[in-house]
$ cat work-v5.tsv   # TSV, C-alpha atoms
chain	number	residue	atom	x	y	z
A	117	MET	CA	-17.67	160.90	-40.75
A	118	LYS	CA	-17.82	160.30	-44.50
A	119	VAL	CA	-18.50	156.75	-45.66
A	120	LEU	CA	-18.35	155.16	-49.11
A	121	VAL	CA	-20.76	152.21	-49.40
A	122	GLN	CA	-19.95	149.82	-52.26
A	123	GLY	CA	-22.74	147.45	-53.32
A	124	GLY	CA	-25.72	149.79	-53.46
A	125	GLU	CA	-27.70	147.17	-55.37
A	126	ILE	CA	-27.54	144.63	-52.53
A	127	GLN	CA	-30.77	144.06	-50.56
A	128	ASN	CA	-29.39	145.37	-47.26
A	129	ALA	CA	-27.69	148.43	-48.77
A	130	LEU	CA	-30.64	150.66	-47.87
A	131	THR	CA	-30.42	149.52	-44.23
A	132	VAL	CA	-26.70	150.36	-44.11
A	133	VAL	CA	-27.21	153.77	-45.73
A	134	GLN	CA	-30.04	154.67	-43.34
A	135	SER	CA	-28.12	153.46	-40.30
A	136	LEU	CA	-25.10	155.61	-41.10
A	137	GLY	CA	-27.14	158.63	-42.15
A	138	ARG	CA	-29.18	158.58	-38.96
A	139	ASN	CA	-25.93	158.58	-37.01
A	140	GLY	CA	-24.79	161.76	-38.76
A	141	ALA	CA	-22.51	160.28	-41.41
A	142	THR	CA	-22.24	161.63	-44.94
A	143	VAL	CA	-22.96	158.60	-47.13
A	144	VAL	CA	-21.91	158.10	-50.76
A	145	VAL	CA	-23.13	154.96	-52.54
A	146	GLY	CA	-21.55	153.10	-55.45
A	147	ALA	CA	-23.61	150.56	-57.40
A	148	LYS	CA	-23.33	148.48	-60.55
A	149	TYR	CA	-26.96	149.30	-61.43
A	150	LYS	CA	-28.18	152.82	-62.12
A	151	LYS	CA	-31.57	152.20	-60.50
A	152	THR	CA	-31.51	150.74	-57.00
A	153	ILE	CA	-33.64	151.81	-54.05
A	154	SER	CA	-30.69	152.72	-51.79
A	155	LEU	CA	-29.78	155.56	-54.17
A	156	TYR	CA	-33.18	157.18	-53.49
A	157	SER	CA	-32.67	157.38	-49.74
A	158	LYS	CA	-32.49	160.87	-48.34
A	159	TYR	CA	-29.38	159.70	-46.49
A	160	CYS	CA	-27.56	158.98	-49.77
A	161	LYS	CA	-25.86	162.31	-50.43
A	162	LYS	CA	-24.18	161.23	-53.66
A	163	HIS	CA	-23.94	158.12	-55.80
A	164	PHE	CA	-21.98	156.80	-58.76
A	165	HIS	CA	-22.05	153.84	-61.13
A	166	TYR	CA	-19.14	151.42	-61.55
A	167	PRO	CA	-18.39	148.48	-63.91
A	168	CYS	CA	-19.56	145.02	-62.85
A	169	PRO	CA	-16.96	143.56	-60.44
A	170	LYS	CA	-17.49	140.06	-61.82
A	171	ASN	CA	-17.47	140.83	-65.55
A	172	ASN	CA	-14.90	143.61	-65.55
A	173	PRO	CA	-12.86	143.42	-62.31
A	174	ASP	CA	-9.94	145.57	-63.50
A	175	ALA	CA	-12.21	148.45	-64.51
A	176	PHE	CA	-14.13	148.08	-61.24
A	177	ILE	CA	-10.97	148.36	-59.13
A	178	LYS	CA	-9.72	151.30	-61.19
A	179	CYS	CA	-13.03	153.11	-60.69
A	180	MET	CA	-13.08	152.46	-56.93
A	181	VAL	CA	-9.46	153.53	-56.42
A	182	SER	CA	-10.13	156.72	-58.39
A	183	GLU	CA	-13.15	157.44	-56.19
A	184	VAL	CA	-11.32	157.09	-52.87
A	185	LYS	CA	-8.40	159.14	-54.16
A	186	LYS	CA	-10.48	162.14	-55.24
A	187	GLN	CA	-12.78	162.18	-52.21
A	188	ASP	CA	-11.92	162.51	-48.53
A	189	TYR	CA	-13.55	159.33	-47.20
A	190	ASP	CA	-13.07	158.04	-43.67
A	191	VAL	CA	-14.37	154.48	-44.21
A	192	LEU	CA	-15.07	152.16	-47.14
A	193	ILE	CA	-17.77	149.49	-46.63
A	194	SER	CA	-18.31	146.66	-49.12
A	195	LEU	CA	-21.62	144.76	-49.17
A	196	GLY	CA	-21.75	142.26	-52.03
A	197	GLU	CA	-19.70	139.12	-52.60
A	198	GLU	CA	-18.45	140.09	-56.08
A	199	GLY	CA	-17.17	143.50	-55.06
A	200	MET	CA	-15.95	142.44	-51.65
A	201	LEU	CA	-13.71	139.68	-53.00
A	202	GLU	CA	-12.15	141.98	-55.58
A	203	LEU	CA	-11.66	144.83	-53.12
A	204	SER	CA	-10.08	142.56	-50.51
A	205	LYS	CA	-7.73	141.17	-53.17
A	206	HIS	CA	-6.52	144.73	-53.82
A	207	ARG	CA	-6.86	145.94	-50.23
A	208	ALA	CA	-3.39	147.54	-50.20
A	209	LEU	CA	-4.43	150.00	-52.92
A	210	PHE	CA	-7.11	151.51	-50.67
A	211	LEU	CA	-5.49	151.60	-47.24
A	212	PRO	CA	-3.40	154.75	-47.89
A	213	TYR	CA	-6.61	156.68	-48.52
A	214	VAL	CA	-9.40	155.16	-46.43
A	215	LYS	CA	-10.12	152.80	-43.54
A	216	PHE	CA	-11.31	149.46	-44.91
A	217	PRO	CA	-12.56	147.20	-42.07
A	218	ILE	CA	-12.55	143.83	-43.80
A	219	ALA	CA	-10.70	140.56	-43.37
A	220	ASP	CA	-7.74	139.91	-45.66
A	221	ASN	CA	-8.43	138.02	-48.88
A	222	GLU	CA	-7.14	134.66	-47.62
A	223	THR	CA	-9.38	134.78	-44.54
A	224	LEU	CA	-12.34	135.99	-46.57
A	225	LEU	CA	-12.01	133.08	-48.99
A	226	LYS	CA	-12.07	130.60	-46.10
A	227	ALA	CA	-15.42	132.02	-44.99
A	228	TYR	CA	-16.89	132.06	-48.50
A	229	ASN	CA	-15.85	128.48	-49.23
A	230	LYS	CA	-18.22	126.05	-47.49
A	231	GLU	CA	-15.68	123.24	-47.59
A	232	GLU	CA	-13.02	125.34	-45.88
A	233	THR	CA	-15.53	126.62	-43.33
A	234	LEU	CA	-16.72	123.13	-42.41
A	235	LYS	CA	-13.21	121.75	-42.10
A	236	ILE	CA	-12.25	124.56	-39.72
A	237	ALA	CA	-15.46	124.00	-37.74
A	238	LEU	CA	-14.79	120.28	-37.37
A	239	GLU	CA	-11.22	120.97	-36.24
A	240	ASN	CA	-12.62	123.24	-33.51
A	241	ASN	CA	-15.36	120.91	-32.22
A	242	ILE	CA	-18.23	122.87	-33.71
A	243	PRO	CA	-21.12	120.51	-34.56
A	244	CYS	CA	-21.89	120.09	-38.28
A	245	PRO	CA	-24.17	117.84	-40.31
A	246	LYS	CA	-22.43	114.70	-41.56
A	247	THR	CA	-20.42	116.01	-44.52
A	248	TYR	CA	-18.62	114.39	-47.45
A	249	PHE	CA	-15.97	116.42	-49.26
A	250	ILE	CA	-16.08	115.62	-52.97
A	251	ASN	CA	-13.43	116.21	-55.63
A	252	ASP	CA	-14.96	114.36	-58.58
A	253	VAL	CA	-17.58	111.81	-59.60
A	254	GLU	CA	-15.33	108.94	-58.49
A	255	ASP	CA	-15.57	110.22	-54.91
A	256	VAL	CA	-19.35	110.20	-55.23
A	257	LYS	CA	-19.32	106.59	-56.41
A	258	LYS	CA	-17.17	105.58	-53.42
A	259	ILE	CA	-19.61	106.96	-50.84
A	260	LYS	CA	-23.01	106.35	-52.45
A	261	ASP	CA	-23.57	103.05	-50.63
A	262	GLU	CA	-22.91	104.56	-47.19
A	263	LEU	CA	-25.15	107.59	-47.65
A	264	ILE	CA	-28.48	107.69	-45.84
A	265	PHE	CA	-30.99	109.36	-48.10
A	266	PRO	CA	-32.20	112.01	-48.50
A	267	VAL	CA	-29.01	114.08	-48.80
A	268	ILE	CA	-28.34	117.61	-49.93
A	269	MET	CA	-25.69	118.81	-52.39
A	270	LYS	CA	-24.22	122.28	-51.93
A	271	PRO	CA	-21.76	124.20	-54.10
A	272	THR	CA	-18.66	125.09	-52.09
A	273	LYS	CA	-18.99	128.62	-53.46
A	274	SER	CA	-22.45	130.15	-53.81
A	275	GLU	CA	-24.76	132.76	-52.31
A	276	GLY	CA	-28.00	131.96	-50.53
A	277	SER	CA	-29.74	128.82	-51.76
A	278	GLN	CA	-28.28	128.89	-55.28
A	279	GLY	CA	-27.25	125.46	-56.50
A	280	LEU	CA	-28.75	123.46	-53.63
A	281	ARG	CA	-30.02	120.07	-54.73
A	282	TYR	CA	-32.00	117.54	-52.68
A	283	VAL	CA	-31.40	113.89	-53.60
A	284	THR	CA	-33.96	111.47	-52.20
A	285	ILE	CA	-32.94	108.19	-53.84
A	286	LYS	CA	-29.57	106.61	-54.58
A	287	GLY	CA	-30.32	106.17	-58.28
A	288	ASP	CA	-30.44	109.96	-58.84
A	289	LEU	CA	-27.16	110.72	-57.05
A	290	ILE	CA	-24.60	110.51	-59.88
A	291	GLU	CA	-26.74	112.28	-62.49
A	292	THR	CA	-27.65	115.10	-60.07
A	293	TYR	CA	-24.01	115.53	-59.09
A	294	GLU	CA	-22.77	115.72	-62.68
A	295	LYS	CA	-25.42	118.25	-63.72
A	296	THR	CA	-25.00	120.42	-60.65
A	297	THR	CA	-21.21	120.46	-60.58
A	298	LYS	CA	-21.20	121.44	-64.26
A	299	ALA	CA	-23.32	124.50	-63.44
A	300	PHE	CA	-21.93	125.47	-60.02
A	301	GLY	CA	-18.49	123.91	-59.65
A	302	GLN	CA	-17.17	121.85	-56.76
A	303	MET	CA	-19.78	120.37	-54.41
A	304	ILE	CA	-20.11	118.93	-50.93
A	305	ILE	CA	-22.69	116.33	-49.91
A	306	GLN	CA	-24.37	116.51	-46.50
A	307	GLU	CA	-26.96	114.63	-44.54
A	308	LEU	CA	-30.27	116.46	-44.57
A	309	LEU	CA	-31.29	117.40	-41.04
A	310	PRO	CA	-34.88	116.36	-40.26
A	311	PRO	CA	-37.55	119.08	-40.22
A	312	GLY	CA	-38.53	120.56	-36.87
A	313	GLY	CA	-35.37	122.22	-35.59
A	314	ALA	CA	-35.14	125.98	-35.17
A	315	THR	CA	-32.69	128.06	-37.24
A	316	TYR	CA	-30.56	130.73	-35.58
A	317	GLY	CA	-28.26	133.43	-36.85
A	318	PHE	CA	-25.25	134.63	-34.86
A	319	GLU	CA	-24.25	138.14	-35.91
A	320	GLY	CA	-20.90	139.49	-34.85
A	321	LEU	CA	-18.45	142.35	-35.17
A	322	PHE	CA	-14.80	141.48	-34.46
A	323	ASN	CA	-11.77	143.74	-34.12
A	324	GLU	CA	-8.36	143.18	-35.73
A	325	ASN	CA	-7.41	140.80	-32.89
A	326	SER	CA	-10.56	138.73	-33.63
A	327	GLU	CA	-12.12	139.84	-30.35
A	328	PRO	CA	-15.93	140.18	-30.38
A	329	ARG	CA	-17.03	143.80	-30.14
A	330	ALA	CA	-20.75	143.38	-30.86
A	331	ILE	CA	-22.99	140.30	-30.93
A	332	PHE	CA	-26.61	139.55	-31.68
A	333	VAL	CA	-28.68	136.37	-32.12
A	334	HIS	CA	-31.90	136.00	-34.07
A	335	LYS	CA	-34.28	133.10	-34.49
A	336	ARG	CA	-35.86	132.50	-37.88
A	337	LEU	CA	-39.68	132.44	-37.82
A	338	ARG	CA	-40.44	132.27	-41.54
A	339	GLU	CA	-38.30	131.74	-44.63
A	340	PHE	CA	-38.53	131.59	-48.39
A	341	PRO	CA	-38.19	129.19	-50.07
A	342	ILE	CA	-40.23	127.56	-47.31
A	343	THR	CA	-38.10	124.39	-47.30
A	344	GLY	CA	-35.02	126.45	-46.46
A	345	GLY	CA	-33.96	129.92	-47.54
A	346	PRO	CA	-33.37	133.50	-46.33
A	347	SER	CA	-35.60	134.64	-43.48
A	348	THR	CA	-38.69	136.70	-44.18
A	349	PHE	CA	-39.64	137.07	-40.49
A	350	ARG	CA	-37.33	136.76	-37.49
A	351	VAL	CA	-37.04	137.67	-33.80
A	352	GLY	CA	-34.15	138.75	-31.59
A	353	VAL	CA	-33.33	136.22	-28.85
A	354	LYS	CA	-30.66	135.40	-26.31
A	355	ASN	CA	-28.93	132.06	-26.79
A	356	GLN	CA	-25.60	131.53	-25.08
A	357	GLU	CA	-24.83	128.29	-26.93
A	358	ILE	CA	-25.24	129.98	-30.32
A	359	GLU	CA	-23.13	132.92	-29.13
A	360	MET	CA	-20.37	130.58	-27.98
A	361	LEU	CA	-20.32	128.51	-31.19
A	362	GLY	CA	-20.44	131.53	-33.50
A	363	THR	CA	-17.70	133.33	-31.60
A	364	ARG	CA	-15.48	130.24	-31.55
A	365	LEU	CA	-15.82	129.68	-35.28
A	366	LEU	CA	-15.06	133.26	-36.31
A	367	GLN	CA	-12.14	133.50	-33.91
A	368	SER	CA	-10.70	130.23	-35.23
A	369	ILE	CA	-10.72	131.75	-38.73
A	370	GLY	CA	-9.10	134.95	-37.46
A	371	TRP	CA	-12.05	137.11	-38.44
A	372	TYR	CA	-12.06	140.91	-38.70
A	373	GLY	CA	-15.21	142.91	-39.41
A	374	VAL	CA	-18.82	141.75	-39.56
A	375	ALA	CA	-20.26	138.31	-40.31
A	376	MET	CA	-23.33	136.17	-39.68
A	377	VAL	CA	-23.09	132.46	-38.86
A	378	GLU	CA	-26.16	130.27	-39.42
A	379	PHE	CA	-26.98	127.27	-37.23
A	380	LYS	CA	-29.87	124.80	-37.50
A	381	VAL	CA	-30.93	122.70	-34.52
A	382	ASP	CA	-30.95	118.96	-35.17
A	383	PRO	CA	-34.25	117.76	-33.60
A	384	ARG	CA	-32.76	114.30	-33.07
A	385	ASP	CA	-30.36	115.49	-30.37
A	386	ASN	CA	-31.29	119.20	-29.95
A	387	THR	CA	-27.77	120.22	-31.06
A	388	PRO	CA	-27.21	123.40	-33.14
A	389	LYS	CA	-25.25	122.46	-36.26
A	390	LEU	CA	-23.36	124.78	-38.56
A	391	MET	CA	-24.93	125.64	-41.90
A	392	GLU	CA	-22.70	128.41	-43.25
A	393	ILE	CA	-20.95	131.72	-42.71
A	394	ASN	CA	-22.29	134.85	-44.38
A	395	PRO	CA	-19.05	136.91	-44.35
A	396	ARG	CA	-20.67	140.31	-44.91
A	397	PHE	CA	-23.73	142.27	-43.82
A	398	TRP	CA	-26.75	139.97	-43.74
A	399	GLY	CA	-30.34	140.29	-44.92
A	400	SER	CA	-31.83	140.41	-41.41
A	401	LEU	CA	-29.70	143.45	-40.45
A	402	PRO	CA	-32.75	145.71	-39.72
A	403	LEU	CA	-33.61	143.50	-36.74
A	404	SER	CA	-30.29	143.88	-34.93
A	405	ILE	CA	-30.34	147.66	-35.46
A	406	ALA	CA	-33.90	147.92	-34.12
A	407	SER	CA	-32.82	145.83	-31.11
A	408	GLY	CA	-30.00	148.20	-30.21
A	409	VAL	CA	-26.95	146.75	-31.99
A	410	ASP	CA	-26.20	149.14	-34.86
A	411	PHE	CA	-23.60	147.09	-36.71
A	412	PRO	CA	-22.90	149.49	-39.64
A	413	TYR	CA	-22.27	152.43	-37.32
A	414	LEU	CA	-20.24	150.32	-34.88
A	415	LEU	CA	-18.13	148.96	-37.76
A	416	CYS	CA	-17.28	152.47	-38.95
A	417	LYS	CA	-16.61	153.68	-35.43
A	418	MET	CA	-14.26	150.75	-34.83
A	419	ALA	CA	-12.47	151.35	-38.13
A	420	ILE	CA	-11.84	155.01	-37.32
A	421	ASN	CA	-10.92	154.62	-33.63
A	422	GLY	CA	-9.18	151.25	-33.84
A	423	ASP	CA	-11.51	149.63	-31.32
A	424	ILE	CA	-14.79	150.17	-29.46
A	425	ILE	CA	-16.34	149.26	-26.14
A	426	PRO	CA	-18.02	145.83	-26.56
A	427	VAL	CA	-21.79	145.77	-27.09
A	428	HIS	CA	-23.16	142.46	-25.84
A	429	ASP	CA	-26.57	143.53	-24.55
A	430	TYR	CA	-29.65	144.23	-26.62
A	431	LYS	CA	-33.43	144.26	-26.47
A	432	LYS	CA	-34.92	140.79	-26.86
A	433	GLY	CA	-38.25	140.07	-28.55
A	434	VAL	CA	-38.11	142.64	-31.35
A	435	LYS	CA	-39.35	141.22	-34.66
A	436	ALA	CA	-38.58	142.20	-38.25
A	437	ARG	CA	-40.37	141.30	-41.52
A	438	LEU	CA	-39.36	141.45	-45.16
A	439	LEU	CA	-42.96	142.01	-46.17
A	440	PHE	CA	-42.37	143.16	-49.76
A	441	TYR	CA	-42.24	140.67	-51.25
A	442	LYS	CA	-40.59	137.64	-49.71
A	443	ASP	CA	-43.03	137.29	-46.82
A	444	PHE	CA	-45.92	137.43	-49.28
A	445	LYS	CA	-44.19	134.69	-51.30
A	446	TYR	CA	-43.93	132.62	-48.12
A	447	LEU	CA	-47.69	132.99	-47.57
A	448	LEU	CA	-48.51	132.00	-51.15
A	449	ALA	CA	-46.24	128.96	-50.93
A	450	VAL	CA	-47.97	127.77	-47.76
A	451	MET	CA	-51.39	128.35	-49.28
A	452	LYS	CA	-50.41	126.10	-52.21
A	453	GLY	CA	-49.25	123.43	-49.79
A	454	LEU	CA	-46.08	121.37	-49.96
A	455	ALA	CA	-44.98	117.96	-48.80
A	456	THR	CA	-41.49	116.72	-49.62
A	457	PRO	CA	-40.06	113.18	-49.76
A	458	TRP	CA	-37.78	114.06	-46.84
A	459	GLY	CA	-40.60	114.77	-44.42
A	460	TYR	CA	-41.24	118.50	-44.73
A	461	GLN	CA	-44.89	119.51	-44.40
A	462	SER	CA	-45.88	123.13	-45.03
A	463	PRO	CA	-47.57	124.77	-42.02
A	464	ASP	CA	-51.31	124.83	-41.45
A	465	ARG	CA	-52.90	127.34	-43.84
A	466	LEU	CA	-55.32	128.99	-41.41
A	467	ILE	CA	-52.73	129.37	-38.65
A	468	THR	CA	-50.24	130.79	-41.16
A	469	LEU	CA	-52.77	133.29	-42.49
A	470	TYR	CA	-53.69	134.35	-38.94
A	471	GLU	CA	-50.03	134.89	-38.03
A	472	PHE	CA	-49.31	136.66	-41.32
A	473	LEU	CA	-52.07	139.21	-40.75
A	474	LYS	CA	-50.53	140.44	-37.49
A	475	PHE	CA	-49.27	143.65	-39.04
A	476	TYR	CA	-49.41	145.72	-35.86
A	477	GLU	CA	-47.61	143.60	-33.31
A	478	LYS	CA	-45.69	145.31	-30.55
A	479	ASN	CA	-41.96	145.78	-31.24
A	480	ILE	CA	-42.09	144.98	-34.94
A	481	VAL	CA	-40.17	146.65	-37.77
A	482	TYR	CA	-40.38	146.23	-41.53
A	483	ASP	CA	-37.35	145.86	-43.81
A	484	ASN	CA	-37.03	148.72	-46.34
A	485	LEU	CA	-39.99	150.65	-44.87
A	486	SER	CA	-39.58	153.74	-42.68
A	487	TRP	CA	-41.56	156.89	-41.98
A	488	ASP	CA	-38.54	159.20	-41.99
A	489	ASP	CA	-37.21	157.92	-45.35
A	490	PRO	CA	-40.29	156.72	-47.27
A	491	ILE	CA	-39.29	156.97	-50.95
A	492	PRO	CA	-37.12	153.80	-51.13
A	493	GLY	CA	-39.90	151.78	-49.50
A	494	ILE	CA	-42.47	153.12	-51.94
A	495	LEU	CA	-40.20	152.23	-54.86
A	496	LYS	CA	-39.75	148.73	-53.44
A	497	ILE	CA	-43.51	148.25	-53.21
A	498	LEU	CA	-43.96	149.48	-56.79
A	499	SER	CA	-40.94	147.57	-58.15
A	500	PRO	CA	-42.98	144.77	-59.82
A	501	ILE	CA	-44.67	147.47	-61.92
A	502	PHE	CA	-41.87	149.98	-62.47
A	503	ARG	CA	-38.80	147.78	-62.84
A	504	PRO	CA	-35.87	147.94	-62.59
A	505	TYR	CA	-35.55	148.91	-58.93
A	506	TYR	CA	-33.43	146.63	-56.78

$ encode --input "work-v5.tsv" --output "structure tokens"
Amino acid sequence: MKVLVQGGEIQNALTVVQSLGRNGATVVVGAKYKKTISLYSKYCKKHFHYPCPKNNPDAFIKCMVSEVKKQDYDVLISLGEEGMLELSKHRALFLPYVKFPIADNETLLKAYNKEETLKIALENNIPCPKTYFINDVEDVKKIKDELIFPVIMKPTKSEGSQGLRYVTIKGDLIETYEKTTKAFGQMIIQELLPPGGATYGFEGLFNENSEPRAIFVHKRLREFPITGGPSTFRVGVKNQEIEMLGTRLLQSIGWYGVAMVEFKVDPRDNTPKLMEINPRFWGSLPLSIASGVDFPYLLCKMAINGDIIPVHDYKKGVKARLLFYKDFKYLLAVMKGLATPWGYQSPDRLITLYEFLKFYEKNIVYDNLSWDDPIPGILKILSPIFRPYY
């Protein structure tokens, strides 16, 4: 099996490359940067540089089509939002030459757009925070008197925590909206769930009939930023309610390929509520692989064979840490201390330090670090000194 991985600069690219290489695949990596740690993996047999998908989409597509034409690839995998959206838009150009297990562009856009995702969720009885869909500042003025503060503003199109704004008093609402929408485009406004509820990720692989072929659930233990951001430490769990909600949402969209759906439990009623869909490989991917659900390999196997035997069982209790450097940033943030107007209190410093120093727990793995492929991990550790390595 020969696989072309597009998005070598993405954080989880190394995990995908190592997963496929350890399963015997020949892996070629394309990246928009010339120095990224995935290119230094022993499982990366060849790599190439392409134009930025966002700044020069036509040149990017031309480069990618040329690559799949001249090489005998079995599967094309796309990792980053910029490249994925462009590739899906031009999906028909690639299908004569390579298997490309990704949802069509229309479906993909529904998952990337938070407004579309939430509307579909509400239509399918999937719990969500109270949400206001905003077209312009006049809509904000109409609802400002019914809002219960604090609230959170989210761009309908963004990655991670980019563009999130917390508004604690009514007087700041209009100004915050106008500044944020100018920088990030259309926004939604949501109630801010109280602190205290656990955050879960549903990870799934779906075939072309939107049938689940692999599932995994993780619980977030630490995150950065500490008030809400990507996980730095997480554990594999079994949670049937999360499985049911995640499966229902992705099936209602007509999903094909891999995705992660994030839910946060509302401590007021103990109900998991939808946060967002991550319609691509997710940052916590090393955990699911270590627990026995090898999503990159299963995706390629499904693409080549048309379907696979469902994988719904996995080892519970495995933990994974993004030690360098997000988990260190979490520790430093807690040591500084933080209290927000919406009730968030950073954890106890001594307890946090004690938990952080548990480097040798049973069933723990570390993102980007491995004994059999050490060079990328070493480069990651040294990256603050010898930039640029991504």

$ residues_around --input "work-v5.tsv" --residues "Val214 (chain A)" --least-positions-apart "6" --cutoff "6 Å" --atoms "only C-alpha atoms" --output "count of residues only"
3

$ residues_around --input "work-v5.tsv" --residues "region 352-362 of chain A" --least-positions-apart "6" --cutoff "7 Å" --atoms "all atoms listed in the file" --output "list in words"
Ile242, Phe318, Val333, His334, Lys335, Val377, Lys432, Gly433, Val434 and Lys435 of chain A

$ atom_distance --input "work-v5.tsv" --atom1 "CA of Ser462 (chain A)" --atom2 "CA of Ile305 (chain A)"
24.7 Å

$ closest_residue --input "work-v5.tsv" --among "A:Pro217, A:Gly279, A:Pro346, A:Pro500" --to "Trp371 (chain A)" --atoms "only C-alpha atoms"
A:Pro217

$ closest_residue --input "work-v5.tsv" --among "A:Lys295, A:Lys235, A:Lys205, A:Lys260" --to "Thr272 (chain A)" --atoms "only C-alpha atoms"
A:Lys235

$ atom_distance --input "work-v5.tsv" --atom1 "CA of Gly140 (chain A)" --atom2 "CA of Phe397 (chain A)"
20.2 Å

$ residues_around --input "work-v5.tsv" --residues "Asp288 (chain A)" --least-positions-apart "4" --cutoff "12 Å" --atoms "all atoms listed in the file" --output "VMD selection string"
chain A and resid 256 to 257 260 265 to 269 281 to 284 292 to 296

$ axis_aligned_box --input "work-v5.tsv" --around "region 274-285 of chain A" --padding-each-side "3 Å" --output "lines of an AutoDock Vina configuration file"
center_x = -28.2
center_y = 120.5
center_z = -53.5
size_x = 17.5
size_y = 30.6
size_z = 12.0

$ closest_residue --input "work-v5.tsv" --among "A:Thr343, A:Ser404, A:Asn229, A:Asn421" --to "Tyr460 (chain A)" --atoms "only C-alpha atoms"
A:Thr343

$ residues_around --input "work-v5.tsv" --residues "region 142-155 of chain A" --least-positions-apart "4" --cutoff "9 Å" --atoms "all atoms listed in the file" --output "PDB file with C-alpha atoms, in the frame of the given file"
ATOM      1  CA  MET A 117     -17.670 160.900 -40.750  1.00  0.00           C
ATOM      2  CA  LYS A 118     -17.820 160.300 -44.500  1.00  0.00           C
ATOM      3  CA  VAL A 119     -18.500 156.750 -45.660  1.00  0.00           C
ATOM      4  CA  LEU A 120     -18.350 155.160 -49.110  1.00  0.00           C
ATOM      5  CA  VAL A 121     -20.760 152.210 -49.400  1.00  0.00           C
ATOM      6  CA  GLN A 122     -19.950 149.820 -52.260  1.00  0.00           C
ATOM      7  CA  GLY A 123     -22.740 147.450 -53.320  1.00  0.00           C
ATOM      8  CA  GLY A 124     -25.720 149.790 -53.460  1.00  0.00           C
ATOM      9  CA  GLU A 125     -27.700 147.170 -55.370  1.00  0.00           C
ATOM     10  CA  ILE A 126     -27.540 144.630 -52.530  1.00  0.00           C
ATOM     11  CA  GLN A 127     -30.770 144.060 -50.560  1.00  0.00           C
ATOM     12  CA  ASN A 128     -29.390 145.370 -47.260  1.00  0.00           C
ATOM     13  CA  ALA A 129     -27.690 148.430 -48.770  1.00  0.00           C
ATOM     14  CA  LEU A 130     -30.640 150.660 -47.870  1.00  0.00           C
ATOM     15  CA  THR A 131     -30.420 149.520 -44.230  1.00  0.00           C
ATOM     16  CA  VAL A 132     -26.700 150.360 -44.110  1.00  0.00           C
ATOM     17  CA  VAL A 133     -27.210 153.770 -45.730  1.00  0.00           C
ATOM     18  CA  GLN A 134     -30.040 154.670 -43.340  1.00  0.00           C
ATOM     19  CA  LEU A 136     -25.100 155.610 -41.100  1.00  0.00           C
ATOM     20  CA  GLY A 137     -27.140 158.630 -42.150  1.00  0.00           C
ATOM     21  CA  TYR A 159     -29.380 159.700 -46.490  1.00  0.00           C
ATOM     22  CA  CYS A 160     -27.560 158.980 -49.770  1.00  0.00           C
ATOM     23  CA  LYS A 161     -25.860 162.310 -50.430  1.00  0.00           C
ATOM     24  CA  LYS A 162     -24.180 161.230 -53.660  1.00  0.00           C
ATOM     25  CA  HIS A 163     -23.940 158.120 -55.800  1.00  0.00           C
ATOM     26  CA  PHE A 164     -21.980 156.800 -58.760  1.00  0.00           C
ATOM     27  CA  HIS A 165     -22.050 153.840 -61.130  1.00  0.00           C
ATOM     28  CA  TYR A 166     -19.140 151.420 -61.550  1.00  0.00           C
ATOM     29  CA  PRO A 167     -18.390 148.480 -63.910  1.00  0.00           C
ATOM     30  CA  CYS A 168     -19.560 145.020 -62.850  1.00  0.00           C
ATOM     31  CA  PRO A 169     -16.960 143.560 -60.440  1.00  0.00           C
ATOM     32  CA  MET A 180     -13.080 152.460 -56.930  1.00  0.00           C
ATOM     33  CA  ASN A 484     -37.030 148.720 -46.340  1.00  0.00           C
ATOM     34  CA  ILE A 491     -39.290 156.970 -50.950  1.00  0.00           C
ATOM     35  CA  PRO A 492     -37.120 153.800 -51.130  1.00  0.00           C
ATOM     36  CA  GLY A 493     -39.900 151.780 -49.500  1.00  0.00           C
ATOM     37  CA  LEU A 495     -40.200 152.230 -54.860  1.00  0.00           C
ATOM     38  CA  LYS A 496     -39.750 148.730 -53.440  1.00  0.00           C
ATOM     39  CA  ARG A 503     -38.800 147.780 -62.840  1.00  0.00           C
ATOM     40  CA  PRO A 504     -35.870 147.940 -62.590  1.00  0.00           C
ATOM     41  CA  TYR A 505     -35.550 148.910 -58.930  1.00  0.00           C
ATOM     42  CA  TYR A 506     -33.430 146.630 -56.780  1.00  0.00           C
TER      43      TYR A 506
END

$ atom_distance --input "work-v5.tsv" --atom1 "CA of Gly344 (chain A)" --atom2 "CA of Pro412 (chain A)"
26.9 Å

$ closest_residue --input "work-v5.tsv" --among "A:Ala330, A:Val184, A:Ile177, A:Ile393" --to "Asp423 (chain A)" --atoms "all atoms listed in the file"
A:Ala330

$ build_atoms --input "work-v5.tsv" --residues "region 327-331 of chain A" --atoms "N, CA and C atoms" --output "PDB file, in the coordinates of the input"
ATOM      1  N   GLU A 327     -11.377 139.770 -31.606  1.00  0.00           N
ATOM      2  CA  GLU A 327     -12.120 139.840 -30.350  1.00  0.00           C
ATOM      3  C   GLU A 327     -13.520 140.364 -30.643  1.00  0.00           C
ATOM      4  N   PRO A 328     -14.561 139.729 -30.101  1.00  0.00           N
ATOM      5  CA  PRO A 328     -15.930 140.180 -30.380  1.00  0.00           C
ATOM      6  C   PRO A 328     -16.197 141.551 -29.771  1.00  0.00           C
ATOM      7  N   ARG A 329     -16.737 142.447 -30.601  1.00  0.00           N
ATOM      8  CA  ARG A 329     -17.030 143.800 -30.140  1.00  0.00           C
ATOM      9  C   ARG A 329     -18.531 144.116 -30.205  1.00  0.00           C
ATOM     10  N   ALA A 330     -19.293 143.273 -30.875  1.00  0.00           N
ATOM     11  CA  ALA A 330     -20.750 143.380 -30.860  1.00  0.00           C
ATOM     12  C   ALA A 330     -21.308 142.028 -31.277  1.00  0.00           C
ATOM     13  N   ILE A 331     -22.365 141.580 -30.590  1.00  0.00           N
ATOM     14  CA  ILE A 331     -22.990 140.300 -30.930  1.00  0.00           C
ATOM     15  C   ILE A 331     -24.503 140.428 -30.871  1.00  0.00           C
TER      16      ILE A 331
END
